[in-house]
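Undergrad: Please find one structure pasted underneath; my questions will follow.
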Amino acid sequence: MSTVIQTDEAIVPRLEAAAEKVKRAHKAAAAVIFGQDVVIERTLITILSGGHALLIGVPGLAKTLLVDTLGRVLGLDAKRIQFTPDLMPSDIIGSEVLEETPGESRRSFRFIKGPIFTQLLMADEINRASPKTQSALLQAMQEHHVTVAGTRHDVPQPFHVLATQNPLEQEGTYPLPEAQLDRFLLEIDVTYPDLAAERRMLYATTGSEERHVEAVLNAGELLSIQRLVRQIPVPDKVVEAILRLVRSARPGTGASADTDRFVAWGPGPRASQALMLAVRAKALIDGRLAPSIDDVIDLAEPVLKHRMALSFAARAEGEELGPLILRLAHAAE
């Protein structure tokens with residue numbers, strides 16, 4: 001039996017104030033990014049959860065503009081890396097240079113920080129770089145520091161990677177390693193805008209009027225909201241639904257016949273952690289005091305899709321991960 005969630009009364013006004021600020025941030029971003037409300041919301045969920053997002057879509061869908069706009073709205077120091085096949089790990093992390101002290105015969109190494117030392121890192125077209133270069137992000141994404149020549153260098157706080165990716169069937173792309181995919185809290189599909197949004201986009205982007213984005217938050221406020229998200233209570237029934245869903249997505253457990261037949265490998269415990277944080281962040285964005293089962297169903301695909309792989313039988317029969325995850329999510333209610 002599920003226990004009744006008792007919300008600390010002291011947290012209620014803080015949740016309401018945080019929700020109001022996040023709504024303002026969403027509205028400011030939506031005024032620049034047309035027809036991508038779901039994408040904006042899920043990117044905000046990722047950031048409020050303290051995680052990283054992988055934005056997938058064909059070129060020209062404003063993925064880069066989305067990241068730039070959110071950086072301005074959230075008041076974060078942002079940098080961009082354009083991933084290319086010849087990009088090296090040192091181009092991301094930085095490198096040590098040998099310096100000679102003027103007037104002395106003494107030499108020493110000095111570390112020059114790379115663009116990874118920022119609060120919001122946009123990894124543009126991340127799958128155009130080699131796997132070796134992609135993996136240069138792994139330590140920072142998980143541990144929030146990098147190690148160069150045995151010395152630890154902390155990245156700023158908050159630290160988020162918003163990576164854009166072109167579909168793998170396009171030329172000049174490399175698949176991301178499974179270990180790196182697991183570091184992304186959500187995989188967010190960026191689709192084509194509808195007719196009304198594209199019409200608004202035409203008028204807004206081809207005229208002479210410049211669009212200005214005001215900062216709604218700053219780094220300190222964002223860190224406070226991220227801590228607040230972790231304090232949002234989660235009903236037992238939601239926790240159980242998360243566990244049932246993630247565990248049913250693992251083949252070989254007998255939890256689901258579809259999983260055993262169609263899934264080659266499934267999500268690990270990090271998926272449960274990601275879903276737990278994501279449903280809390282969604283509840284805050286919606287102005288609710290606790291997440292619901294509907295939040296689990298809504299966020300199941302972006303949390304699990306990049307943490308699973310289809311089997312040969314699934315590909316042969318035309319099975320897709322999205323519908324499969326949705327079936328598992330409804331079964332876990």
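FYI, nothing fancy with the structure tokens labels: chains A, B, ... in order, residues from 1 per chain, ligands from 1 as they appear.
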For region 191-203 of chain A, please output as a list of chain:residue names all residues within 8 Å (counting only C-alpha atoms; exclusion window: fewer than 3 positions along the same chain).

TA: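 My reading of the contact set: A:Phe34, A:Gly35, A:Gln36, A:Gly57, A:Leu61, A:Thr206, A:Gly207.
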
Undergrad: Can you write out as a Markdown table which residues of region 174-261 of chain A fall within 12 Å of region 114-124 of chain A, alongside each residue's closest atom pair and its distance in Å to one decimal, counting only C-alpha atoms and ordering rows by chain and ascending residue number?

TA:
| residue | atom | partner | partner_atom | distance |
| --- | --- | --- | --- | --- |
| A:Asn218 | CA | A:Gln119 | CA | 11.0 |
| A:Ala219 | CA | A:Gln119 | CA | 8.3 |
| A:Gly220 | CA | A:Gln119 | CA | 11.5 |
| A:Leu222 | CA | A:Gln119 | CA | 11.1 |
| A:Leu223 | CA | A:Gln119 | CA | 11.2 |

Undergrad: CA of Ala329 (chain A) to CA of Ala300 (chain A): how many Å, to one decimal?

TA: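 The value is 6.6 Å.
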
Undergrad: Please return as an MDAnalysis selection string: the residues of region 127-229 of chain A that backbone DSSP assigns to strand (DSSP E).

TA: chainID A and resid 145:148 151:154 160:165 186:189

Undergrad: So that I can see what lies close to Val296 (chain A), please list as a PyMOL selection string the residues with an atom at most 10 Å from it, counting only C-alpha atoms and leaving out residues fewer than 2 positions away in the same chain.

TA: chain A and resi 238-239+241-242+245+275-276+278-280+282+291-294+298-301+303+329-330+332-333

Undergrad: Can you work out which one of A:Gly150, A:Gly266, A:Gly51, A:Pro177 has the shortest atom-to-atom distance to Ile126 (chain A), counting only C-alpha atoms?

TA: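 That would be A:Pro177, the residue with the smallest distance to Ile126 (chain A).
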
Undergrad: Leaving out region 86-98 of chain A and any residue of its chain fewer than 5 positions from it, which residues lie within 7 Å of it when counting only C-alpha atoms, given as a count of residues only?

TA: 13

Undergrad: Would you mind listing what lies within 10 Å of Arg261 (chain A) as a compact mmCIF listing (two decimals) with N, CA and C atoms, in the first residue's frame, with only C-alpha atoms counted and same-chain residues fewer than 4 positions away left out?

TA:
# COMPACT_ATOMS: atom_id res chain seq x y z
N PRO A 251 16.10 -7.22 -20.73
CA PRO A 251 15.85 -8.58 -21.22
C PRO A 251 16.45 -9.62 -20.29
N GLY A 252 15.85 -10.80 -20.30
CA GLY A 252 16.38 -11.89 -19.49
C GLY A 252 15.83 -11.94 -18.08
N SER A 256 8.92 -9.07 -18.99
CA SER A 256 8.10 -8.75 -20.16
C SER A 256 8.52 -9.62 -21.33
N ALA A 257 7.53 -10.26 -21.95
CA ALA A 257 7.82 -11.10 -23.12
C ALA A 257 8.31 -10.24 -24.28
N LEU A 310 17.52 -2.32 -29.77
CA LEU A 310 16.64 -3.34 -30.31
C LEU A 310 17.44 -4.57 -30.73
N SER A 311 16.83 -5.71 -30.64
CA SER A 311 17.45 -6.96 -31.07
C SER A 311 17.28 -7.12 -32.58
N PHE A 312 17.95 -8.12 -33.13
CA PHE A 312 17.82 -8.40 -34.56
C PHE A 312 16.38 -8.77 -34.90
N ALA A 313 15.74 -9.51 -34.02
CA ALA A 313 14.35 -9.90 -34.27
C ALA A 313 13.44 -8.69 -34.35
N ALA A 314 13.69 -7.70 -33.50
CA ALA A 314 12.88 -6.47 -33.51
C ALA A 314 13.05 -5.72 -34.82

Undergrad: Please indicate the distance in Å from CA of Leu324 (chain A) to CA of Ile47 (chain A), rounded to one decimal place.

TA: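 These atoms are spaced 26.7 Å apart.
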
Undergrad: How many Å lie between CA of Pro85 (chain A) and CA of Val146 (chain A), rounded to one decimal?

TA: 22.2 Å

Undergrad: Let me make sure I understand: among A:Arg247, A:Leu289, A:His26, A:Asp154, which one has the smallest atom-to-atom distance to Pro13 (chain A) if we use only C-alpha atoms?

TA: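 Under the stated criterion, the closest residue is A:Leu289.
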
Undergrad: Looking at only C-alpha atoms, which of A:Ala140, A:Ala179, A:Ala215, A:Ala149 is the one that sits closest to Leu70 (chain A)?

TA: A:Ala215

Undergrad: Can you tell me, as JSON, numbers by chain, which residues in region 116-205 of chain A count as helix (DSSP H, G or I) by DSSP?

TA: {"A": [126, 127, 128, 131, 132, 133, 134, 135, 136, 137, 138, 139, 140, 141, 142, 143, 178, 179, 180, 181, 195, 196, 197, 198, 199, 200, 201, 202, 203, 204, 205]}

Undergrad: When you count only C-alpha atoms, which of these residues is closest to Pro167 (chain A): A:Thr205, A:Ser248, A:Gln82, A:Asn127?

TA: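 Counting only C-alpha atoms, the residue closest to Pro167 (chain A) is A:Asn127.
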